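So this block is input_19.csv, CSV, C-alpha atoms:
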chain,number,residue,atom,x,y,z
A,22,MET,CA,93.9,221.5,-9.2
A,23,GLU,CA,90.4,222.2,-8.0
A,24,LEU,CA,87.1,221.7,-9.9
A,25,TYR,CA,83.9,223.7,-9.4
A,26,ILE,CA,80.8,222.6,-11.4
A,27,GLY,CA,77.1,223.5,-11.5
A,28,GLY,CA,74.3,224.7,-13.6
A,29,TYR,CA,74.2,228.0,-15.5
A,30,ALA,CA,74.0,231.2,-13.3
A,31,GLN,CA,74.4,229.4,-10.0
A,32,GLY,CA,77.0,231.9,-8.7
A,33,LYS,CA,80.0,229.6,-9.2
A,34,LEU,CA,82.6,232.4,-9.9
A,35,SER,CA,81.5,234.5,-6.9
A,36,TYR,CA,81.6,231.5,-4.7
A,37,VAL,CA,85.1,230.5,-5.9
A,38,MET,CA,86.4,234.1,-5.5
A,39,LYS,CA,84.9,234.3,-2.0
A,40,GLN,CA,86.3,230.9,-0.9
A,41,THR,CA,89.7,231.3,-2.4
A,42,GLY,CA,90.3,235.0,-2.3
A,43,VAL,CA,91.6,235.0,-5.9
A,44,PRO,CA,91.1,238.5,-7.4
A,45,LEU,CA,89.3,239.0,-10.8
A,46,GLU,CA,92.7,239.9,-12.5
A,47,LYS,CA,93.7,236.2,-12.1
A,48,VAL,CA,90.5,234.9,-13.6
A,49,LEU,CA,90.6,233.9,-17.2
A,50,ASP,CA,87.3,233.7,-19.1
A,51,GLY,CA,87.2,230.5,-21.1
A,52,ALA,CA,84.3,232.0,-23.2
A,53,LEU,CA,86.8,234.6,-24.6
A,54,GLU,CA,90.1,232.8,-24.6
A,55,THR,CA,90.7,230.2,-27.3
A,56,ASP,CA,94.3,230.4,-28.2
A,57,GLY,CA,95.5,229.1,-24.8
A,58,SER,CA,98.6,231.3,-25.0
A,59,SER,CA,99.5,232.7,-21.5
A,60,TYR,CA,98.4,230.9,-18.4
A,61,GLU,CA,101.2,232.0,-16.2
A,62,ASP,CA,99.2,234.5,-14.1
A,63,VAL,CA,96.0,232.6,-14.2
A,64,ARG,CA,94.6,231.1,-11.0
A,65,VAL,CA,91.0,230.5,-12.0
A,66,LEU,CA,89.8,229.3,-15.4
A,67,ASN,CA,86.1,230.3,-15.6
A,68,ASN,CA,83.6,229.1,-18.2
A,69,PHE,CA,85.7,226.0,-19.0
A,70,HIS,CA,82.7,224.5,-20.8
A,71,MET,CA,82.9,227.3,-23.4
A,72,LEU,CA,86.6,226.7,-23.9
A,73,VAL,CA,85.8,223.0,-24.7
A,74,ARG,CA,83.0,224.0,-27.0
A,75,ASN,CA,85.3,226.4,-28.9
A,76,TRP,CA,88.1,223.8,-29.1
A,77,LEU,CA,85.8,221.2,-30.5
A,78,LYS,CA,84.4,223.8,-33.0
A,79,ALA,CA,88.0,224.6,-34.1
A,80,GLY,CA,88.9,220.9,-34.5
A,81,VAL,CA,91.3,221.0,-31.5
A,82,ASP,CA,91.5,218.0,-29.2
A,83,PRO,CA,90.2,219.3,-25.8
A,84,GLU,CA,91.7,216.4,-23.8
A,85,GLU,CA,95.2,217.3,-25.1
A,86,GLU,CA,94.8,221.0,-24.6
A,87,ILE,CA,93.7,220.7,-21.0
A,88,LYS,CA,96.6,218.3,-20.3
A,89,GLY,CA,99.0,221.0,-21.6
A,90,ILE,CA,97.4,223.7,-19.5
A,91,LEU,CA,97.5,221.7,-16.3
A,92,LEU,CA,101.2,221.0,-16.9
A,93,LYS,CA,101.8,224.8,-16.9
A,94,CYS,CA,99.3,225.4,-14.0
A,95,PRO,CA,99.0,222.4,-11.8
A,96,ARG,CA,97.2,224.5,-9.1
A,97,LEU,CA,94.6,225.8,-11.5
A,98,ILE,CA,91.0,226.2,-10.3
A,99,ILE,CA,88.6,225.2,-13.0
A,100,ILE,CA,84.9,226.3,-13.1
A,101,SER,CA,82.6,224.7,-15.6
A,102,ASP,CA,78.8,224.5,-16.3
A,103,GLU,CA,77.3,221.1,-16.1
A,104,VAL,CA,75.5,220.6,-19.5
A,105,GLY,CA,74.5,217.0,-19.6
A,106,ASN,CA,71.3,217.1,-17.6
A,107,GLY,CA,68.9,217.5,-20.5
A,108,ILE,CA,67.2,215.8,-23.5
A,109,VAL,CA,69.7,214.4,-25.9
A,110,PRO,CA,70.1,217.1,-28.7
A,111,MET,CA,69.1,216.5,-32.3
A,112,GLU,CA,72.4,217.8,-33.6
A,113,ALA,CA,75.4,215.5,-33.7
A,114,GLU,CA,77.8,218.3,-32.7
A,115,GLU,CA,75.7,219.2,-29.6
A,116,ARG,CA,75.6,215.6,-28.6
A,117,GLU,CA,79.4,215.3,-29.0
A,118,TYR,CA,80.0,218.5,-27.0
A,119,ARG,CA,77.8,217.3,-24.0
A,120,GLU,CA,79.3,213.8,-24.0
A,121,ARG,CA,83.0,215.0,-24.3
A,122,LEU,CA,82.6,217.7,-21.7
A,123,GLY,CA,81.0,215.2,-19.3
A,124,ARG,CA,83.9,212.7,-19.8
A,125,ILE,CA,86.5,215.5,-19.4
A,126,LEU,CA,84.9,216.6,-16.2
A,127,CYS,CA,85.0,213.0,-14.9
A,128,THR,CA,88.7,212.9,-15.6
A,129,LEU,CA,89.4,216.3,-14.1
A,130,ALA,CA,87.3,215.3,-11.0
A,131,GLU,CA,89.4,212.2,-10.6
A,132,LYS,CA,92.6,214.2,-10.7
A,133,ALA,CA,91.4,217.1,-8.6
A,134,GLU,CA,92.2,217.6,-5.0
A,135,LYS,CA,88.8,219.1,-4.4
A,136,VAL,CA,85.5,219.0,-6.3
A,137,GLU,CA,82.5,221.1,-5.4
A,138,ARG,CA,79.1,221.6,-7.0
A,139,VAL,CA,77.6,225.0,-6.7
A,140,ILE,CA,73.8,225.2,-6.4
A,141,CYS,CA,72.0,228.5,-5.7
A,142,GLY,CA,75.4,230.0,-4.8
A,143,ILE,CA,76.0,227.3,-2.2
A,144,GLY,CA,78.9,224.9,-2.5
A,145,GLN,CA,78.4,221.1,-2.0
A,146,ARG,CA,81.6,219.3,-1.4
A,147,LEU,CA,81.8,216.2,-3.6
A,148,LYS,CA,85.5,215.4,-3.0
B,2,MET,CA,69.5,195.4,-3.2
B,3,PHE,CA,67.7,197.6,-5.6
B,4,VAL,CA,69.8,200.6,-6.7
B,5,LEU,CA,68.7,203.4,-9.0
B,6,ILE,CA,71.5,205.4,-10.5
B,7,THR,CA,70.9,208.8,-12.2
B,8,GLY,CA,73.0,211.5,-13.7
B,9,GLY,CA,73.5,213.4,-16.9
B,10,SER,CA,75.2,212.6,-20.2
B,11,GLY,CA,78.8,211.6,-19.8
B,12,SER,CA,78.6,211.8,-16.0
B,13,GLY,CA,80.0,208.3,-15.4
B,14,LYS,CA,76.7,206.5,-14.5
B,15,SER,CA,77.6,203.3,-16.4
B,16,ALA,CA,81.0,202.9,-14.8
B,17,TYR,CA,79.5,203.4,-11.4
B,18,GLY,CA,76.7,200.9,-12.2
B,19,GLU,CA,79.2,198.3,-13.1
B,20,LYS,CA,81.3,198.9,-10.0
B,21,THR,CA,78.2,198.5,-7.9
B,22,VAL,CA,77.4,195.2,-9.6
B,23,VAL,CA,80.9,193.9,-9.0
B,24,SER,CA,80.8,194.9,-5.4
B,25,LEU,CA,77.4,193.3,-4.8
B,26,ALA,CA,78.5,190.1,-6.6
B,27,ASN,CA,81.2,189.6,-4.0
B,28,LYS,CA,78.5,189.1,-1.4
B,29,LEU,CA,76.6,186.4,-3.3
B,30,ASN,CA,77.4,182.7,-4.0
B,31,ASP,CA,78.3,182.3,-7.6
B,32,PRO,CA,75.9,184.9,-9.1
B,33,SER,CA,75.2,185.3,-12.8
B,34,LEU,CA,75.7,188.9,-13.9
B,35,TYR,CA,73.4,190.2,-16.6
B,36,TYR,CA,73.6,193.4,-18.5
B,37,ILE,CA,70.3,194.4,-20.1
B,38,ALA,CA,71.0,196.8,-22.9
B,39,THR,CA,67.9,198.8,-24.0
B,40,MET,CA,69.5,201.0,-26.6
B,41,GLN,CA,68.5,200.5,-30.2
B,42,VAL,CA,71.7,200.9,-32.2
B,43,TYR,CA,71.6,203.3,-35.1
B,44,GLY,CA,74.6,204.4,-37.2
B,45,GLU,CA,78.2,205.0,-36.3
B,46,GLU,CA,77.6,207.0,-33.2
B,47,GLY,CA,75.4,204.3,-31.7
B,48,ARG,CA,78.0,201.6,-32.6
B,49,LYS,CA,80.8,203.6,-30.9
B,50,LYS,CA,78.7,204.0,-27.8
B,51,VAL,CA,78.0,200.3,-27.6
B,52,GLU,CA,81.7,199.6,-28.2
B,53,ARG,CA,82.8,202.0,-25.4
B,54,HIS,CA,80.4,200.2,-23.0
B,55,ARG,CA,81.5,196.8,-24.1
B,56,ILE,CA,85.1,197.7,-23.3
B,57,LEU,CA,84.1,199.1,-19.9
B,58,ARG,CA,82.3,195.8,-19.1
B,59,ALA,CA,85.0,193.5,-20.5
B,60,GLY,CA,86.4,191.1,-18.0
B,61,LYS,CA,83.7,191.7,-15.4
B,62,GLY,CA,81.7,188.6,-16.4
B,63,PHE,CA,78.6,190.1,-17.7
B,64,GLU,CA,76.3,188.3,-20.1
B,65,THR,CA,74.6,190.9,-22.3
B,66,ILE,CA,70.9,190.7,-23.2
B,67,GLU,CA,69.6,193.2,-25.8
B,68,GLN,CA,66.1,194.1,-24.8
B,69,PRO,CA,64.8,197.4,-26.3
B,70,VAL,CA,61.2,196.8,-25.3
B,71,ASN,CA,59.2,194.3,-23.2
B,72,ILE,CA,61.8,194.2,-20.5
B,73,LEU,CA,60.4,191.1,-18.8
B,74,GLU,CA,61.3,188.9,-21.8
B,75,ALA,CA,64.9,189.3,-20.7
B,76,LEU,CA,64.2,186.8,-17.9
B,77,GLU,CA,63.7,184.1,-20.5
B,78,ASN,CA,67.4,184.3,-21.3
B,79,MET,CA,68.6,184.0,-17.7
B,80,LYS,CA,69.6,180.9,-15.8
B,81,SER,CA,68.1,179.9,-12.4
B,82,GLY,CA,70.1,180.6,-9.3
B,83,ASN,CA,71.6,183.9,-7.9
B,84,LYS,CA,71.5,186.7,-10.4
B,85,ILE,CA,72.4,190.4,-10.5
B,86,VAL,CA,70.9,192.5,-13.3
B,87,LEU,CA,72.2,195.9,-14.5
B,88,LEU,CA,69.6,197.5,-16.7
B,89,GLU,CA,70.9,200.4,-18.9
B,90,CYS,CA,69.3,202.7,-19.6
B,91,MET,CA,65.7,203.5,-18.5
B,92,SER,CA,65.7,206.6,-20.7
B,93,ASN,CA,66.1,204.4,-23.8
B,94,LEU,CA,63.6,201.9,-22.6
B,95,VAL,CA,60.9,204.6,-22.1
B,96,ALA,CA,61.7,206.1,-25.5
B,97,ASN,CA,61.5,202.7,-27.2
B,98,GLU,CA,58.2,201.8,-25.6
B,99,MET,CA,56.7,205.2,-26.4
B,100,PHE,CA,58.0,205.8,-29.9
B,101,SER,CA,58.5,202.4,-31.4
B,102,GLY,CA,56.4,200.2,-29.2
B,103,GLU,CA,52.6,199.8,-29.1
B,104,LEU,CA,52.0,202.3,-26.3
B,105,ASN,CA,52.1,206.0,-26.5
B,106,VAL,CA,50.0,207.2,-23.7
B,107,VAL,CA,52.1,208.4,-20.7
B,108,GLU,CA,50.0,206.5,-18.1
B,109,ASP,CA,50.2,203.2,-20.1
B,110,VAL,CA,54.0,203.4,-20.5
B,111,VAL,CA,54.5,204.2,-16.9
B,112,ASP,CA,52.2,201.4,-15.8
B,113,LYS,CA,53.8,198.8,-18.1
B,114,ILE,CA,57.4,199.7,-17.2
B,115,CYS,CA,56.8,200.0,-13.4
B,116,ARG,CA,55.0,196.6,-13.3
B,117,SER,CA,57.8,195.0,-15.3
B,118,ILE,CA,60.5,196.4,-13.0
B,119,CYS,CA,58.5,195.1,-9.9
B,120,SER,CA,58.5,191.6,-11.4
B,121,LEU,CA,62.1,191.8,-12.4
B,122,ARG,CA,63.0,193.0,-8.9
B,123,GLN,CA,61.3,189.9,-7.4
B,124,LYS,CA,63.2,187.5,-9.6
B,125,THR,CA,66.7,189.0,-9.0
B,126,ASN,CA,69.0,189.1,-6.0
B,127,ASP,CA,70.2,192.6,-6.9
B,128,LEU,CA,68.8,195.0,-9.5
B,129,ILE,CA,70.7,198.1,-10.6
B,130,ILE,CA,68.9,200.4,-13.0
B,131,VAL,CA,70.7,203.3,-14.7
B,132,THR,CA,68.4,206.2,-15.6
B,133,ASN,CA,69.1,209.6,-16.9
B,134,ASN,CA,68.6,213.2,-15.7
B,135,VAL,CA,67.1,214.8,-18.8
B,136,PHE,CA,65.1,217.3,-16.9
B,137,GLU,CA,67.3,220.4,-16.5
B,138,ASP,CA,68.0,222.0,-19.8
B,139,GLY,CA,65.2,224.6,-19.5
B,140,ILE,CA,63.9,224.1,-23.1
B,141,ASP,CA,60.2,224.1,-23.7
B,142,TYR,CA,59.9,221.1,-25.9
B,143,GLU,CA,57.0,220.1,-28.2
B,144,ILE,CA,54.3,217.7,-26.9
B,145,ALA,CA,55.9,214.4,-27.8
B,146,THR,CA,59.1,215.2,-26.0
B,147,LYS,CA,57.2,216.6,-23.0
B,148,SER,CA,55.2,213.4,-22.8
B,149,TYR,CA,58.4,211.4,-22.9
B,150,MET,CA,59.9,213.5,-20.1
B,151,GLU,CA,56.7,213.2,-18.1
B,152,ALA,CA,56.8,209.4,-18.4
B,153,LEU,CA,60.4,209.1,-17.5
B,154,GLY,CA,60.0,211.5,-14.6
B,155,ARG,CA,57.1,209.5,-13.2
B,156,ILE,CA,59.0,206.2,-13.7
B,157,ASN,CA,62.1,207.5,-11.9
B,158,THR,CA,59.9,208.7,-9.0
B,159,GLN,CA,58.2,205.3,-8.6
B,160,LEU,CA,61.5,203.4,-9.0
B,161,ALA,CA,63.2,205.7,-6.4
B,162,ALA,CA,60.3,204.9,-4.0
B,163,MET,CA,60.9,201.2,-4.4
B,164,ALA,CA,64.7,201.4,-4.4
B,165,ASP,CA,67.0,200.7,-1.4
B,166,ALA,CA,69.4,203.3,-2.7
B,167,VAL,CA,69.2,206.1,-5.2
B,168,THR,CA,72.6,207.6,-6.3
B,169,GLU,CA,73.3,210.5,-8.5
B,170,VAL,CA,76.6,210.4,-10.3
B,171,VAL,CA,78.3,213.8,-10.8
B,172,ALA,CA,81.5,214.1,-12.8
B,173,GLY,CA,82.1,210.4,-11.9
B,174,ILE,CA,81.5,211.0,-8.2
B,175,PRO,CA,78.6,209.2,-6.5
B,176,VAL,CA,76.3,211.4,-4.4
B,177,PRO,CA,73.7,209.7,-2.2
B,178,VAL,CA,70.1,210.8,-2.8
B,179,LYS,CA,68.4,208.0,-0.8
B,180,GLY,CA,70.0,205.3,1.3
B,181,GLU,CA,73.7,204.7,1.7
B,182,LEU,CA,76.3,204.5,-1.1
B,183,ILE,CA,77.3,201.0,-2.0
B,184,LYS,CA,80.9,200.5,-0.8
B,185,TYR,CA,83.4,199.4,-3.4
B,186,ASP,CA,87.2,199.2,-3.7

Spell out the structure here as structure tokens.
Amino acid sequence: MELYIGGYAQGKLSYVMKQTGVPLEKVLDGALETDGSSYEDVRVLNNFHMLVRNWLKAGVDPEEEIKGILLKCPRLIIISDEVGNGIVPMEAEEREYRERLGRILCTLAEKAEKVERVICGIGQRLK
Amino acid sequence: MFVLITGGSGSGKSAYGEKTVVSLANKLNDPSLYYIATMQVYGEEGRKKVERHRILRAGKGFETIEQPVNILEALENMKSGNKIVLLECMSNLVANEMFSGELNVVEDVVDKICRSICSLRQKTNDLIIVTNNVFEDGIDYEIATKSYMEALGRINTQLAAMADAVTEVVAGIPVPVKGELIKYD
């Protein structure tokens, strides 16, 4: 598994596609997909943060979900926005989302063979 | 050593801060380890946060001092001899000083906190401060929040200038900003 993180609109998906050669057909958009049904043909999971947001909203345990997905796709490339670099939000759900996503990314980074942060379209190898 | 650790929410700053203390403690003769907690605990969410941090710190030999404002008073609760202090978190200390302390002018808060940290640094063998990157959400906040961000930003800048090492923690991975990463096993 590989993890690519970075701020909004930093060119993460283009960077990953260029680096890995994975075509768009094999990219799943986490912002659209919530049922987690078929991951067989998926190489890249984009907008992972939105998937986590939607899971939390639906009352689903994101840590368990991602565990299940990684069992099916151990070579998955995960792309996620970093969302924790701001003022602590007033709403409890927003705080929960930021905190949970941050912790999940820590766990994924620990397991990942490779971690990169993309800034201005440029990858910075962290692991 | 004076190490400043920054990062976002849930980035693993605390865990890295603790590892840093444990690693520095190995180089000193019988140091006392102090954890200065600046967070004021409100409600269930706050209690859970404190509990998570307590579990993280358990077994590492820290003595906890709760000090939401007037950080120098924490020294009164420390023994003489070698000491390492982990202060967490600067973002809470600044908020407490500004919103529940006596000072609310940015300059006064910056001045008070930076002076206090200078003194604290002189009285400790190693000082590790965890701060917070609250600066990148692109929201145009109202004046009180902007003043807070201004104060924290200036404090971070001054502390970074004093620090031997500044480290950003990203998804649990330490990234050097200034100086070298502290080695730990």

Mind running chain B against chain A at 12 Å and telling me each contacting residue's nearest atom pair with the distance in Å (one decimal), counting all atoms listed in the file, chain and number ascending, as CSV?
residue,atom,partner,partner_atom,distance
B:Thr7,CA,A:Asn106,CA,9.9
B:Gly8,CA,A:Asn106,CA,7.0
B:Gly9,CA,A:Asn106,CA,4.4
B:Ser10,CA,A:Gly105,CA,4.5
B:Gly11,CA,A:Gly123,CA,4.2
B:Ser12,CA,A:Gly123,CA,5.3
B:Gly13,CA,A:Cys127,CA,6.9
B:Lys14,CA,A:Cys127,CA,10.5
B:Ser15,CA,A:Arg124,CA,11.8
B:Ala16,CA,A:Cys127,CA,10.9
B:Tyr17,CA,A:Cys127,CA,11.6
B:Gly44,CA,A:Ala113,CA,11.7
B:Glu45,CA,A:Ala113,CA,11.2
B:Glu46,CA,A:Ala113,CA,8.8
B:Gly47,CA,A:Ala113,CA,11.4
B:Lys49,CA,A:Glu117,CA,11.9
B:Lys50,CA,A:Glu120,CA,10.5
B:Ser92,CA,A:Ile108,CA,9.7
B:Asn93,CA,A:Val109,CA,10.8
B:Ala96,CA,A:Ile108,CA,11.3
B:Thr132,CA,A:Asn106,CA,11.5
B:Asn133,CA,A:Asn106,CA,7.8
B:Asn134,CA,A:Asn106,CA,5.1
B:Val135,CA,A:Gly107,CA,3.7
B:Phe136,CA,A:Gly107,CA,5.2
B:Glu137,CA,A:Gly107,CA,5.2
B:Asp138,CA,A:Gly107,CA,4.6
B:Gly139,CA,A:Gly107,CA,8.1
B:Ile140,CA,A:Gly107,CA,8.7
B:Asp141,CA,A:Ile108,CA,10.9
B:Tyr142,CA,A:Ile108,CA,9.3
B:Thr146,CA,A:Ile108,CA,8.5
B:Lys147,CA,A:Ile108,CA,10.0
B:Tyr149,CA,A:Ile108,CA,9.9
B:Met150,CA,A:Ile108,CA,8.4
B:Leu153,CA,A:Ile108,CA,11.3
B:Glu169,CA,A:Leu147,CA,11.3
B:Val170,CA,A:Cys127,CA,9.9
B:Val171,CA,A:Cys127,CA,7.9
B:Ala172,CA,A:Cys127,CA,4.2
B:Gly173,CA,A:Cys127,CA,4.9
B:Ile174,CA,A:Leu147,CA,6.9
B:Pro175,CA,A:Leu147,CA,8.2
B:Val176,CA,A:Leu147,CA,7.3
B:Pro177,CA,A:Leu147,CA,10.5

Among the residues A:Trp76, A:Lys39, A:Pro110, A:Lys88, the one that comes closest to Leu53 of chain A [using all atoms listed in the file]
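Nearest candidate to Leu53 of chain A out of A:Trp76, A:Lys39, A:Pro110, A:Lys88: A:Trp76.
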
So for segment 61-64 of chain A, what box centre and size do we get, axis-aligned, 4 Å extra on each of the six sides, every listed atom, Å to one decimal, as JSON?
{"center_x": 97.9, "center_y": 232.8, "center_z": -13.6, "size_x": 14.6, "size_y": 11.4, "size_z": 13.2}

Show me, as a ChimeraX atom specification, the residues that have an atom within 12 Å of Thr21 of chain B when counting only C-alpha atoms, minus same-chain residues fewer than 6 positions from it.
/B:2-6,14-15,27-28,34,61,85-87,127-131,166,168,175,182-186

Figure out the distance between atom CA of Ile140 of chain A and atom CA of Met91 of chain B, please, to one decimal in Å.
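Between atom CA of Met91 of chain B and atom CA of Ile140 of chain A the gap works out to 26.1 Å.
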
Report as a PyMOL selection string all protein, DNA and RNA residues lying within 8 Å of Pro95 of chain A, evaluated on all atoms listed in the file, omitting residues in the same chain fewer than 4 positions from it.
chain A and resi 22+90-91

Atom pair atom CA of Pro69 of chain B / atom CA of Ala162 of chain B: separation (Å):
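Atom CA of Ala162 of chain B lies at a distance of 24.0 Å from atom CA of Pro69 of chain B.
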
Taking all atoms listed in the file into account, which of A:Ile98, A:Leu92, A:Glu84, A:Tyr25 comes nearest Val48 of chain A?
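For Val48 of chain A, the nearest of the candidates is A:Ile98.
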
Pick out the closest residue to Asn67 of chain A from this set: A:Gln145, A:Ser35, A:Ser101, A:Thr41. Count only C-alpha atoms.
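When distances to Asn67 of chain A are compared using only C-alpha atoms, the smallest one comes from A:Ser101.
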
Quick one: everything within 12 Å of Arg96 of chain A, counting only C-alpha atoms, minus sequence neighbours fewer than 6 positions away in the same chain. Send it as a list in words.
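With the cut-off at 12 Å, the set is Met22, Glu23, Leu24, Tyr60, Glu61, Asp62, Val63, Arg64, Val65, Leu66, Ile90, Lys132, Ala133, Glu134 and Lys135 of chain A.
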
Quick one, how far is atom CA of Leu121 of chain B from atom CA of Ser33 of chain B?
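Taking atom CA of Leu121 of chain B as the start and atom CA of Ser33 of chain B as the end point, the length is 14.6 Å.
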
Env of Asp82 of chain A: 12 Å cut, atoms = all atoms listed in the file, seq-sep filter 3 positions within chain, self excluded. Answer as an NGL selection string.
:A and (72-79 or 85-89 or 118 or 121-122 or 125)

Closest of A:Glu115, A:Ile100, A:Pro83, A:Cys94 to Asp50 of chain A, counting only C-alpha atoms, is A:Ile100

Taking 4 positions as the minimum chain separation for residues in the same chain, which residues sit within 10 Å of Asn83 of chain B when counting all atoms listed in the file? Answer as an mmCIF file with C-alpha atoms, keeping the file's coordinate frame.
data_model
loop_
_atom_site.group_PDB
_atom_site.id
_atom_site.type_symbol
_atom_site.label_atom_id
_atom_site.label_comp_id
_atom_site.auth_asym_id
_atom_site.auth_seq_id
_atom_site.Cartn_x
_atom_site.Cartn_y
_atom_site.Cartn_z
ATOM 1 C CA ALA B 26 78.500 190.100 -6.600
ATOM 2 C CA LEU B 29 76.600 186.400 -3.300
ATOM 3 C CA ASN B 30 77.400 182.700 -4.000
ATOM 4 C CA ASP B 31 78.300 182.300 -7.600
ATOM 5 C CA PRO B 32 75.900 184.900 -9.100
ATOM 6 C CA SER B 33 75.200 185.300 -12.800
ATOM 7 C CA LEU B 34 75.700 188.900 -13.900
ATOM 8 C CA LYS B 124 63.200 187.500 -9.600
ATOM 9 C CA THR B 125 66.700 189.000 -9.000
ATOM 10 C CA ASN B 126 69.000 189.100 -6.000
ATOM 11 C CA ASP B 127 70.200 192.600 -6.900
#
